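Have a look at the structure below before the remarks.
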Amino acid sequence: MSADQPTTTIASRRAEVAAALADVARTPGAAKPDPIVVADHVTRHFGGMTAVDVDHLEVQRGAITALIGPNGAGKTTLFNLLTGFDRPSTGEWTFEGRSLHGVAAARVARSGMVRTFQLTKALSRMTVIENMRLGAPDQPGERLVTALVPAMWRPREKAITEQAEELLERFKLDTKRDDFAGSLSGGQRKLLEMARALMSSPKMLMLDEPMAGVNPALTQSLLGHIESLRDEGTTVLFVEHDMHMVRHISDWVVVMAEGRIVAEGPPESVMQDQAVVDAYLGKHHDTDLGDDSLLSDEVTEQLEAEVRAEEDTRTEETR
Amino acid sequence: MDWNNILTNVAGEFFAPTTAAYALAAIGLNIHFGLTGLINMGQAGFMLLGAYGFAISTIAGWPLWAAMLVAVACAAVFGLILGIPTLKLRGDYLAIVTIAAAEIVRLIGRSTALTELTGASSGLRGNDYKHTFQDSSPFGDGNFQLGPFDYSMSASNSWWVRIVGWTVVGLACLLVWLLIRSPWGRVLKGIREDEDAVRSLGKNVYSYKMQALILGGCIGALAGILYVLPRAVQPDSMGRPMTFFVWTILLLGGAATVFGPVLGSIIFWASLMLIKSVMRAGVPDSIMRTEQIEQFGWIVVGVTLMLLIIFRPQGILGDKKELAIDVR
C-alpha cells in the first residue's frame with residue numbers, strides 16, 4: 001500500500017473487481033470471468049461422514065474471496081484439500097490451469113498458492129527474521145552441498161534479508177526482528193505468518209481464519225493488509241466464520257454449510273440469501289451443525305429431508 | 001589409594017579412541033535429533049553396519065578407502081530403507097522402527113547362518129581387519145610415551161587411531177557448524193519446530209528429513225569403524241545399550257550445539273572411569289566385587305542422566321532460553 005494515495009487505489013481496484021464480478025450468477029458454483037482456481041466434484045469422507053462435497057467452485061483472480069460458514073461446514077477441510085495438506089476422496093481441481101490433484105503440499109506452495117493455518121504455526125524457537133527467511137524460495141543454500149560453501153548462498157541471503165525487513169516494516173514487526181517468534185502475541189504471530197507467506201510473492205494467498213484470536217485493533221490492520229494485497233494483484237481466499245468481518249473487505253463470498261456450497265455472491269446480497277440465513281440462524285438456530293454428537297442418523301435424515309425440500313423450492317423459484 | 005594412577009586413567013579417557021567414537025556417533029545423532037527432531041533409537045545399528053562393512057570388505061582384501069566407502073554406503077542404504085516408510089509418519093514411528101532395525105542388524109550379524117562372513121556371535125577378530133589402517137600410519141612400529149601416557153605408535157589402541165579419530169571428530173564438528181548456520185540448517189530447524197509450517201512454505205520436508213537421517217547415519221558408520229579399530233567387531237557389544245549411551249552423551253553435552261556431543265562424550269567416559277577406579281581402589285571385596293563395581297558405575301550413570309534431564313534439560317552447552325520458550 002503506497003502512503004500517498006491509498007484510498008483511491010483501493011477504491012478503484014475494488015470497483016474493478018466488483019465490475020468484473022457484476023455479471024456472475026449468484027448461484028453456488030457460478031462460473032467466473034477469470035478464474036484462478038477451478039474445482040470439480042471435490043469430496044472428502046471421514047469414515048461415514050462427508051466433510052466436503054463441493055460440486056463446482058471457481059475463484060476469481062485478483063479478488064478477495066471469503067469462504068464462510070458455521071463451525072463444521074468443511075471450510076478448513078476444503079482448504080487442506082486445495083493446498084495439498086489432505087487427500088480428497090474424489091475430485092479434480094486446477095490452479096492457473098494446471099491440475100493440482102495429488103500434488104504434494106510443498107509443490108502446491110512452490111507453484112504460487114501459499115497458505116496459513118488456523119492455529120498459527122509460527123516457528124516459536126526461531127527468531128522472527130529467521131522465520132521470514134525460511135519463507136523465501138530459491139535459496140541455493142538450502143541444498144546440502146551448496147550449504148557448505150557460504151559464498152554460494154550469501155548473496156541470495158542478503159537479498160532475502162532485505163525483502164524480509166521490508167515486509168516486517170510493513171507489518172509493523174520490525175522492532176521484533178530478533179525476538180523469538182514464541183515471544184510474540186497471538187495477533188503478531190498471525191501477522192508474522194502472513195508476512196512469511198508473502199516472502200515467496202505468491203500468486204494466491206490462502207488464509208485460514210486470519211482473524212481468529214486477534215484483538216480488534218490488530219484486526220483492522222490485518223484487514224488493511226489483506227486489502228492492500230488484493231490491490232497489488234494477489235488473489236486472496238480466506239476462511240472466516242464471522243460474517244461482519246467479511247463484509248468489509250471481500251469482493252465475493254462463498255458460503256459453505258455441511259460440506260456443500262450453499263450460496264455465492266457479493267457480500268451485500270449473500271447475507272440476504274435464504275440458505276445463508278438458514279445456515280447461520282435457520283430453523284435450527286440453537287443447534288450447532290458442527291457438533292458431531294448431534295449428527296445422529298435421525299437428525300441427519302431430518303436435515304437432509306429439509307435440504308431436499310429447500311432445493312426443490314429453489315429450483316422451482318429459478319424456473 | 002593410588003590417586004596418581006586413577007587420575008592418569010581418567011585423563012586417558014579424555015582422548016581415548018572410544019571417547020572419540022562415541023563423540024562422533026553423538027554428532028551423527030545430533031544431526032538427527034538436535035537439528036531435525038528425528039528420534040533415532042538405532043544409532044548403534046548404523047555403527048554396527050559401518051563396522052561390519054569396513055571389517056568384512058577389508059578382510060575381503062579391499063583397500064582402506066574402499067572399505068570406508070562400503071561402510072558409509074551401508075549406512076546410507078540402511079537410512080534410506082528406514083526412512084522411506086517412516087519419515088512421512090509422526091516422529092514416534094521412526095523411534096520404534098529404528099530401535100527394531102538396529103536389533104535386526106545385530107541379530108542377523110550374530111546368526112550362525114552368516115558365520116563365514118560375520119563370525120556370528122564371536123564376531124570378527126581385530127587383527128583380521130586392522131592391517132590396512134595400521135599400514136597407513138606414518139609413525140612406524142614401537143611405542144611412544146607422552147607424560148604418563150604410553151601407547152603404541154600404530155598398532156591397535158595406538159596414537160595413530162587417536163590422531164585420526166579426533167581429526168575426524170573435528171571435521172564432523174566443522175561440518176555441523178557450517179550446516180547449523182546455513183539455510184539448509186534453518187530448514188531442518190523449521191522442521192524440528194513444525195513440519196507443516198515448513199511444508200506450507202514450499203520445502204520438501206520428506207527429502208530434508210531423509211538427507212538428515214542419511215547424513216547422521218553415515219557419520220554413525222564412521223564412528224562404528226573408529227570404535228572397532230582398537231578392538232574387535234562384537235555384535236553384542238554394539239546393541240541397545242550403545243544407542244542409549246550415545247543418547248546420554250548427546251543430552252549431557254547439549255543437543256543442537258556444535259561441541260555438545262564432544263564434551264558429553266569426554267565427561268561421560270571420564271566420570272565413568274573415575275567412579276570405577278575409585279571404587280575398585282576404595283571399596284573392599286567383601287562389600288562389592290569388581291564386576292559389581294562395573295555394574296554400579298552404570299547405575300550411577302543412569303541416575304546422573306535422570307538428574308540431568310530434571311535439572312538441566314538443555315544439557316551443559318544448551319541454550320536454556322531457547323528451551324524455555326513455550327511451544328503453543
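To be explicit about the labels: the chains of the C-alpha cells are called A, B, and onward in the order shown, and within each one the residues are counted from 1, while ligands get numbers from 1 in the order they are shown.
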
(request) Tell me which protein, DNA and RNA residues are within 7 Å of segment 128-140 of chain A, counting only C-alpha atoms, leaving out same-chain ones fewer than 2 positions away, and put them as number ranges by chain. (result) A: 123, 126, 142-143, 146, 153, 156, 160-161, 164, 176-181, 196-197, 199-200; B: 187, 201

Could you write out that same residue set with C-alpha atoms as a PDB file, in the first residue's frame?
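Generated output (out-v9.pdb):
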```pdb
ATOM      1  CA  LEU A 123       8.187 -21.441  14.450  1.00  0.00           C
ATOM      2  CA  MET A 126      13.323 -19.376  15.715  1.00  0.00           C
ATOM      3  CA  GLU A 142      19.018 -24.906   1.207  1.00  0.00           C
ATOM      4  CA  ARG A 143      20.698 -27.683  -0.754  1.00  0.00           C
ATOM      5  CA  THR A 146      25.920 -25.720  -1.544  1.00  0.00           C
ATOM      6  CA  TRP A 153      24.357 -18.562  -0.797  1.00  0.00           C
ATOM      7  CA  ARG A 156      20.846 -14.574  -2.033  1.00  0.00           C
ATOM      8  CA  ILE A 160      16.182 -12.334   1.218  1.00  0.00           C
ATOM      9  CA  THR A 161      17.004 -10.437   4.400  1.00  0.00           C
ATOM     10  CA  ALA A 164      12.164  -9.749   4.873  1.00  0.00           C
ATOM     11  CA  LYS A 176      10.624  -7.677  16.925  1.00  0.00           C
ATOM     12  CA  ARG A 177      13.179  -8.670  14.289  1.00  0.00           C
ATOM     13  CA  ASP A 178      15.498 -10.621  16.576  1.00  0.00           C
ATOM     14  CA  ASP A 179      12.970 -11.858  19.130  1.00  0.00           C
ATOM     15  CA  PHE A 180      11.947 -15.483  19.233  1.00  0.00           C
ATOM     16  CA  ALA A 181       8.651 -15.932  17.409  1.00  0.00           C
ATOM     17  CA  ARG A 196       6.284 -15.110   5.998  1.00  0.00           C
ATOM     18  CA  ALA A 197       3.858 -16.465   3.413  1.00  0.00           C
ATOM     19  CA  MET A 199       8.197 -13.936   1.178  1.00  0.00           C
ATOM     20  CA  SER A 200       7.679 -16.119  -1.880  1.00  0.00           C
TER      21      SER A 200
ATOM     22  CA  VAL B 187      15.059 -25.582   7.125  1.00  0.00           C
ATOM     23  CA  LEU B 201       6.431 -22.602   2.624  1.00  0.00           C
TER      24      LEU B 201
END
```

(request) Using only C-alpha atoms, select each residue of chain A with any atom at most 7 Å away from an atom of chain B, and give the selection as a ChimeraX atom specification. (result) /A:105-107,109-110,114-115,121,123-125,134-135,141-144,147-148,182,197

Using C-alpha atoms, can you write the selected residues to a file as a PDB file, in the first residue's frame?
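File selection.pdb, as written:
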```pdb
ATOM      1  CA  ALA A 105       1.741 -29.560  -0.283  1.00  0.00           C
ATOM      2  CA  ALA A 106       5.275 -28.246  -0.788  1.00  0.00           C
ATOM      3  CA  ARG A 107       4.847 -28.259  -4.553  1.00  0.00           C
ATOM      4  CA  ALA A 109       3.230 -23.806  -2.320  1.00  0.00           C
ATOM      5  CA  ARG A 110       6.047 -23.563  -4.871  1.00  0.00           C
ATOM      6  CA  VAL A 114       0.676 -20.356  -0.172  1.00  0.00           C
ATOM      7  CA  ARG A 115      -1.436 -20.913   2.907  1.00  0.00           C
ATOM      8  CA  LYS A 121       2.308 -22.056  13.063  1.00  0.00           C
ATOM      9  CA  LEU A 123       8.187 -21.441  14.450  1.00  0.00           C
ATOM     10  CA  SER A 124       8.487 -20.478  18.100  1.00  0.00           C
ATOM     11  CA  ARG A 125      12.127 -21.256  18.749  1.00  0.00           C
ATOM     12  CA  LEU A 134      12.556 -19.538   5.740  1.00  0.00           C
ATOM     13  CA  GLY A 135       9.660 -18.332   3.621  1.00  0.00           C
ATOM     14  CA  GLY A 141      21.997 -22.701   0.498  1.00  0.00           C
ATOM     15  CA  GLU A 142      19.018 -24.906   1.207  1.00  0.00           C
ATOM     16  CA  ARG A 143      20.698 -27.683  -0.754  1.00  0.00           C
ATOM     17  CA  LEU A 144      23.033 -29.823   1.339  1.00  0.00           C
ATOM     18  CA  ALA A 147      25.076 -25.085   2.122  1.00  0.00           C
ATOM     19  CA  LEU A 148      28.704 -25.900   2.945  1.00  0.00           C
ATOM     20  CA  GLY A 182       7.373 -17.710  20.511  1.00  0.00           C
ATOM     21  CA  ALA A 197       3.858 -16.465   3.413  1.00  0.00           C
TER      22      ALA A 197
END
```

(request) Could you give me the residues within segment 223-314 of chain A that DSSP places in strand (DSSP E or B), as a list in words? (result)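 Selection result, strand (DSSP E or B) within segment 223-314 of chain A: Thr235, Val236, Leu237, Phe238, Val239, Glu240, Trp252, Val253, Val254, Val255, Met256, Ala257, Arg260, Ile261, Val262, Ala263, Glu264 and Gly265 of chain A.
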
Write the selection just made, keeping C-alpha atoms, as a compact mmCIF listing (two decimals), in the first residue's frame?
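The resulting file, again.txt, is reproduced below:
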```txt
# COMPACT_ATOMS: atom_id res chain seq x y z
CA THR A 235 -5.60 -13.33 -5.14
CA VAL A 236 -6.78 -13.94 -1.60
CA LEU A 237 -9.05 -16.71 -0.39
CA PHE A 238 -9.76 -16.66 3.28
CA VAL A 239 -11.80 -18.67 5.70
CA GLU A 240 -13.81 -16.92 8.35
CA TRP A 252 -17.04 -12.25 -3.29
CA VAL A 253 -18.37 -14.57 -0.62
CA VAL A 254 -18.77 -18.32 -0.83
CA VAL A 255 -20.94 -19.83 1.88
CA MET A 256 -20.49 -23.41 2.98
CA ALA A 257 -22.70 -25.48 5.23
CA ARG A 260 -21.57 -28.06 0.48
CA ILE A 261 -21.51 -24.66 -1.07
CA VAL A 262 -24.94 -23.26 -0.33
CA ALA A 263 -24.61 -19.74 -1.69
CA GLU A 264 -22.30 -17.37 -3.53
CA GLY A 265 -22.41 -13.69 -4.22
```

(request) Excluding Ile84 of chain B and any residue of its chain fewer than 4 positions from it, enumerate the residues within 12 Å of it, using only C-alpha atoms, and give them as a VMD selection string. (result) chain B and resid 77 to 80 88 to 89 93 to 94 97 206 to 207 209 to 211 213 to 214

Writer output for current selection, N, CA and C atoms, as a CSV table (one decimal), in the first residue's frame:
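Once written, part.csv looks like this:
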```csv
chain,number,residue,atom,x,y,z
B,77,VAL,N,22.3,-46.8,2.7
B,77,VAL,CA,21.2,-47.6,2.3
B,77,VAL,C,20.3,-48.0,3.5
B,78,PHE,N,20.9,-48.2,4.6
B,78,PHE,CA,20.1,-48.5,5.8
B,78,PHE,C,19.2,-47.4,6.2
B,79,GLY,N,19.7,-46.2,6.1
B,79,GLY,CA,19.0,-45.0,6.4
B,79,GLY,C,17.8,-44.8,5.4
B,80,LEU,N,18.1,-45.1,4.1
B,80,LEU,CA,17.1,-45.0,3.1
B,80,LEU,C,16.0,-45.9,3.3
B,88,LYS,N,7.3,-40.2,6.6
B,88,LYS,CA,6.1,-39.5,6.3
B,88,LYS,C,5.2,-39.6,7.5
B,89,LEU,N,5.5,-40.4,8.4
B,89,LEU,CA,4.7,-40.6,9.6
B,89,LEU,C,5.2,-39.7,10.7
B,93,TYR,N,7.1,-43.1,15.2
B,93,TYR,CA,7.2,-44.3,14.4
B,93,TYR,C,8.7,-44.6,14.1
B,94,LEU,N,9.4,-43.5,13.8
B,94,LEU,CA,10.8,-43.6,13.4
B,94,LEU,C,11.5,-44.3,14.6
B,97,VAL,N,10.8,-48.0,14.7
B,97,VAL,CA,11.4,-48.7,13.6
B,97,VAL,C,12.9,-48.8,13.7
B,206,TYR,N,10.0,-34.1,3.5
B,206,TYR,CA,10.4,-35.5,3.4
B,206,TYR,C,11.9,-35.7,3.0
B,207,SER,N,12.2,-34.9,1.9
B,207,SER,CA,13.5,-35.0,1.4
B,207,SER,C,14.6,-34.5,2.4
B,209,LYS,N,14.3,-34.5,5.7
B,209,LYS,CA,14.4,-35.5,6.8
B,209,LYS,C,15.2,-36.7,6.3
B,210,MET,N,15.1,-37.0,5.1
B,210,MET,CA,15.8,-38.2,4.6
B,210,MET,C,17.3,-37.8,4.5
B,211,GLN,N,17.6,-36.6,4.0
B,211,GLN,CA,19.0,-36.2,4.0
B,211,GLN,C,19.6,-36.2,5.4
B,213,LEU,N,18.7,-37.9,8.0
B,213,LEU,CA,18.8,-39.3,8.5
B,213,LEU,C,20.0,-40.0,7.9
B,214,ILE,N,20.2,-39.8,6.6
B,214,ILE,CA,21.3,-40.5,6.0
B,214,ILE,C,22.7,-39.9,6.4
```

(request) Tell me which of B:Pro17, B:Gly216, B:Gly318, B:Gly12 sits closest to Ile163 of chain B, counting only C-alpha atoms. (result)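 Ranked by minimum distance to Ile163 of chain B, first place goes to B:Pro17.
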
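Using only C-alpha atoms, the residues found no farther than 10 Å from Met68 of chain B, other than those of its own chain fewer than 6 positions away, are Gly50, Ala51, Gly53, Phe54, Ala55, Ser57, Thr58, Trp62, Cys74, Ala221, Leu222 and Ile225 of chain B.
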
For those residues, write N, CA and C atoms to a file as an mmCIF file, in the first residue's frame.
```cif
data_model
loop_
_atom_site.group_PDB
_atom_site.id
_atom_site.type_symbol
_atom_site.label_atom_id
_atom_site.label_comp_id
_atom_site.auth_asym_id
_atom_site.auth_seq_id
_atom_site.Cartn_x
_atom_site.Cartn_y
_atom_site.Cartn_z
ATOM 1 N N GLY B 50 28.401 -50.005 9.917
ATOM 2 C CA GLY B 50 29.655 -49.411 9.475
ATOM 3 C C GLY B 50 30.835 -50.304 9.828
ATOM 4 N N ALA B 51 30.808 -50.840 11.042
ATOM 5 C CA ALA B 51 31.892 -51.710 11.488
ATOM 6 C C ALA B 51 31.965 -52.969 10.629
ATOM 7 N N GLY B 53 30.688 -53.388 7.600
ATOM 8 C CA GLY B 53 31.027 -53.029 6.225
ATOM 9 C C GLY B 53 32.527 -52.849 6.069
ATOM 10 N N PHE B 54 33.121 -52.160 7.026
ATOM 11 C CA PHE B 54 34.561 -51.902 6.973
ATOM 12 C C PHE B 54 35.349 -53.198 7.151
ATOM 13 N N ALA B 55 35.010 -53.952 8.200
ATOM 14 C CA ALA B 55 35.790 -55.147 8.531
ATOM 15 C C ALA B 55 35.670 -56.201 7.438
ATOM 16 N N SER B 57 34.803 -55.942 4.252
ATOM 17 C CA SER B 57 35.419 -55.624 2.963
ATOM 18 C C SER B 57 36.941 -55.580 3.080
ATOM 19 N N THR B 58 37.474 -55.213 4.266
ATOM 20 C CA THR B 58 38.928 -55.258 4.436
ATOM 21 C C THR B 58 39.421 -56.701 4.411
ATOM 22 N N TRP B 62 39.950 -55.504 0.298
ATOM 23 C CA TRP B 62 39.761 -54.174 -0.262
ATOM 24 C C TRP B 62 40.669 -53.168 0.443
ATOM 25 N N CYS B 74 26.768 -48.615 3.298
ATOM 26 C CA CYS B 74 25.848 -49.483 4.048
ATOM 27 C C CYS B 74 24.907 -48.630 4.895
ATOM 28 N N ALA B 221 28.249 -44.494 11.004
ATOM 29 C CA ALA B 221 29.025 -45.607 10.455
ATOM 30 C C ALA B 221 30.524 -45.362 10.645
ATOM 31 N N LEU B 222 30.966 -44.130 10.416
ATOM 32 C CA LEU B 222 32.376 -43.795 10.636
ATOM 33 C C LEU B 222 32.728 -44.002 12.113
ATOM 34 N N ILE B 225 33.390 -47.610 12.712
ATOM 35 C CA ILE B 225 34.742 -48.028 12.300
ATOM 36 C C ILE B 225 35.745 -47.657 13.390
#
```

(message) At a cut-off of 12 Å, using only C-alpha atoms, what residues contact Ala11 of chain B? Leave out same-chain residues fewer than 2 positions from it and give the result as a PyMOL selection string.
(response) chain B and resi 3-9+13-16+19+147-149+266-267+269-274

Since we have the selection now, will you write its residues out, keeping N, CA and C atoms, as a PDB file, in the first residue's frame?
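out_35.pdb, written as the output of this step:
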```pdb
ATOM      1  N   TRP B   3      46.172 -42.352  43.803  1.00  0.00           N
ATOM      2  CA  TRP B   3      45.487 -41.290  43.068  1.00  0.00           C
ATOM      3  C   TRP B   3      46.164 -40.973  41.734  1.00  0.00           C
ATOM      4  N   ASN B   4      47.470 -41.096  41.767  1.00  0.00           N
ATOM      5  CA  ASN B   4      48.221 -40.823  40.550  1.00  0.00           C
ATOM      6  C   ASN B   4      47.737 -41.711  39.395  1.00  0.00           C
ATOM      7  N   ASN B   5      47.625 -42.978  39.718  1.00  0.00           N
ATOM      8  CA  ASN B   5      47.195 -43.954  38.723  1.00  0.00           C
ATOM      9  C   ASN B   5      45.747 -43.691  38.279  1.00  0.00           C
ATOM     10  N   ILE B   6      44.895 -43.395  39.280  1.00  0.00           N
ATOM     11  CA  ILE B   6      43.480 -43.160  38.974  1.00  0.00           C
ATOM     12  C   ILE B   6      43.326 -41.961  38.042  1.00  0.00           C
ATOM     13  N   LEU B   7      44.019 -40.880  38.393  1.00  0.00           N
ATOM     14  CA  LEU B   7      43.869 -39.663  37.581  1.00  0.00           C
ATOM     15  C   LEU B   7      44.455 -39.853  36.187  1.00  0.00           C
ATOM     16  N   THR B   8      45.508 -40.611  36.088  1.00  0.00           N
ATOM     17  CA  THR B   8      46.064 -40.904  34.769  1.00  0.00           C
ATOM     18  C   THR B   8      45.047 -41.668  33.925  1.00  0.00           C
ATOM     19  N   ASN B   9      44.408 -42.660  34.554  1.00  0.00           N
ATOM     20  CA  ASN B   9      43.373 -43.417  33.843  1.00  0.00           C
ATOM     21  C   ASN B   9      42.256 -42.509  33.365  1.00  0.00           C
ATOM     22  N   GLU B  13      41.055 -41.225  29.390  1.00  0.00           N
ATOM     23  CA  GLU B  13      39.737 -41.320  28.762  1.00  0.00           C
ATOM     24  C   GLU B  13      39.398 -40.071  27.950  1.00  0.00           C
ATOM     25  N   PHE B  14      40.002 -38.926  28.335  1.00  0.00           N
ATOM     26  CA  PHE B  14      39.701 -37.679  27.629  1.00  0.00           C
ATOM     27  C   PHE B  14      39.925 -37.810  26.128  1.00  0.00           C
ATOM     28  N   PHE B  15      40.983 -38.537  25.764  1.00  0.00           N
ATOM     29  CA  PHE B  15      41.270 -38.610  24.332  1.00  0.00           C
ATOM     30  C   PHE B  15      41.345 -40.049  23.830  1.00  0.00           C
ATOM     31  N   ALA B  16      40.688 -40.963  24.559  1.00  0.00           N
ATOM     32  CA  ALA B  16      40.688 -42.368  24.141  1.00  0.00           C
ATOM     33  C   ALA B  16      39.925 -42.528  22.826  1.00  0.00           C
ATOM     34  N   THR B  19      36.203 -42.720  23.301  1.00  0.00           N
ATOM     35  CA  THR B  19      35.578 -41.413  23.544  1.00  0.00           C
ATOM     36  C   THR B  19      35.324 -40.702  22.216  1.00  0.00           C
ATOM     37  N   GLY B 147      54.259 -37.903  28.618  1.00  0.00           N
ATOM     38  CA  GLY B 147      53.869 -37.782  30.018  1.00  0.00           C
ATOM     39  C   GLY B 147      53.584 -39.165  30.568  1.00  0.00           C
ATOM     40  N   PRO B 148      52.426 -39.317  31.218  1.00  0.00           N
ATOM     41  CA  PRO B 148      52.119 -40.628  31.792  1.00  0.00           C
ATOM     42  C   PRO B 148      51.483 -41.582  30.777  1.00  0.00           C
ATOM     43  N   PHE B 149      51.245 -41.101  29.554  1.00  0.00           N
ATOM     44  CA  PHE B 149      50.517 -41.933  28.593  1.00  0.00           C
ATOM     45  C   PHE B 149      51.466 -42.669  27.668  1.00  0.00           C
ATOM     46  N   ILE B 266      33.349 -36.844  26.444  1.00  0.00           N
ATOM     47  CA  ILE B 266      34.518 -36.769  27.328  1.00  0.00           C
ATOM     48  C   ILE B 266      34.086 -36.892  28.788  1.00  0.00           C
ATOM     49  N   ILE B 267      33.059 -36.142  29.156  1.00  0.00           N
ATOM     50  CA  ILE B 267      32.606 -36.177  30.554  1.00  0.00           C
ATOM     51  C   ILE B 267      32.054 -37.553  30.903  1.00  0.00           C
ATOM     52  N   TRP B 269      32.732 -40.616  29.623  1.00  0.00           N
ATOM     53  CA  TRP B 269      33.711 -41.691  29.792  1.00  0.00           C
ATOM     54  C   TRP B 269      34.688 -41.395  30.920  1.00  0.00           C
ATOM     55  N   ALA B 270      35.048 -40.123  31.088  1.00  0.00           N
ATOM     56  CA  ALA B 270      35.991 -39.798  32.163  1.00  0.00           C
ATOM     57  C   ALA B 270      35.347 -40.026  33.525  1.00  0.00           C
ATOM     58  N   SER B 271      34.080 -39.614  33.688  1.00  0.00           N
ATOM     59  CA  SER B 271      33.480 -39.788  35.011  1.00  0.00           C
ATOM     60  C   SER B 271      33.177 -41.250  35.289  1.00  0.00           C
ATOM     61  N   LEU B 272      32.855 -42.000  34.238  1.00  0.00           N
ATOM     62  CA  LEU B 272      32.644 -43.435  34.445  1.00  0.00           C
ATOM     63  C   LEU B 272      33.939 -44.087  34.927  1.00  0.00           C
ATOM     64  N   MET B 273      35.036 -43.708  34.287  1.00  0.00           N
ATOM     65  CA  MET B 273      36.339 -44.257  34.682  1.00  0.00           C
ATOM     66  C   MET B 273      36.678 -43.842  36.102  1.00  0.00           C
ATOM     67  N   LEU B 274      36.375 -42.598  36.449  1.00  0.00           N
ATOM     68  CA  LEU B 274      36.671 -42.095  37.792  1.00  0.00           C
ATOM     69  C   LEU B 274      35.906 -42.902  38.838  1.00  0.00           C
TER      70      LEU B 274
END
```

(message) Give me the residues near Asp297 of chain A as a ChimeraX atom specification, where near means some atom within 12 Å (using only C-alpha atoms) and where sequence neighbours in that chain fewer than 6 positions away do not count.
(response) /A:48-49,303-305

(request) Enter the distance from atom CA of Lys203 of chain A to atom CA of Leu222 of chain A, in Å, rounded to one decimal. (result) 18.7 Å

(request) Calculate how many Å separate atom CA of Leu171 of chain B from atom CA of Phe245 of chain B, rounding to one decimal. (result) 22.1 Å

(message) Could you list, as a PyMOL selection string, every residue within 8 Å of segment 186-189 of chain A, counting only C-alpha atoms and ignoring same-chain residues fewer than 4 positions away?
(response) chain A and resi 120+122+173+181+193+213-215+218

For those residues, write N, CA and C atoms to a file as an mmCIF file, in the first residue's frame.
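Wrote part-v1.cif, looks like this:
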```cif
data_model
loop_
_atom_site.group_PDB
_atom_site.id
_atom_site.type_symbol
_atom_site.label_atom_id
_atom_site.label_comp_id
_atom_site.auth_asym_id
_atom_site.auth_seq_id
_atom_site.Cartn_x
_atom_site.Cartn_y
_atom_site.Cartn_z
ATOM 1 N N THR A 120 -2.042 -20.802 14.493
ATOM 2 C CA THR A 120 -0.856 -20.204 13.900
ATOM 3 C C THR A 120 0.366 -21.095 14.076
ATOM 4 N N ALA A 122 3.690 -20.243 13.854
ATOM 5 C CA ALA A 122 4.958 -19.516 13.926
ATOM 6 C C ALA A 122 5.971 -20.511 14.481
ATOM 7 N N LEU A 173 6.411 -5.263 12.379
ATOM 8 C CA LEU A 173 7.084 -6.240 13.237
ATOM 9 C C LEU A 173 8.586 -5.983 13.268
ATOM 10 N N ALA A 181 10.047 -16.033 17.832
ATOM 11 C CA ALA A 181 8.651 -15.932 17.409
ATOM 12 C C ALA A 181 7.713 -16.358 18.531
ATOM 13 N N GLU A 193 2.979 -14.836 10.361
ATOM 14 C CA GLU A 193 2.699 -15.955 9.465
ATOM 15 C C GLU A 193 2.314 -15.444 8.075
ATOM 16 N N GLY A 213 -8.723 -14.992 17.234
ATOM 17 C CA GLY A 213 -7.885 -14.718 18.385
ATOM 18 C C GLY A 213 -7.068 -13.448 18.273
ATOM 19 N N VAL A 214 -7.447 -12.556 17.368
ATOM 20 C CA VAL A 214 -6.695 -11.320 17.200
ATOM 21 C C VAL A 214 -7.510 -10.173 17.805
ATOM 22 N N ASN A 215 -6.854 -9.287 18.527
ATOM 23 C CA ASN A 215 -7.620 -8.223 19.167
ATOM 24 C C ASN A 215 -8.110 -7.207 18.132
ATOM 25 N N LEU A 218 -5.689 -4.931 16.073
ATOM 26 C CA LEU A 218 -4.893 -5.654 15.080
ATOM 27 C C LEU A 218 -5.765 -6.163 13.942
#
```

(message) Run DSSP on the backbone and tell me which residues of segment 86-298 of chain B come out as helix (DSSP H, G or I); list them as a PyMOL selection string.
(response) chain B and resi 86+91-110+112-118+120-122+126-129+131-135+159-180+183-193+195-200+205-228+235-238+240-253+260-282+290-298
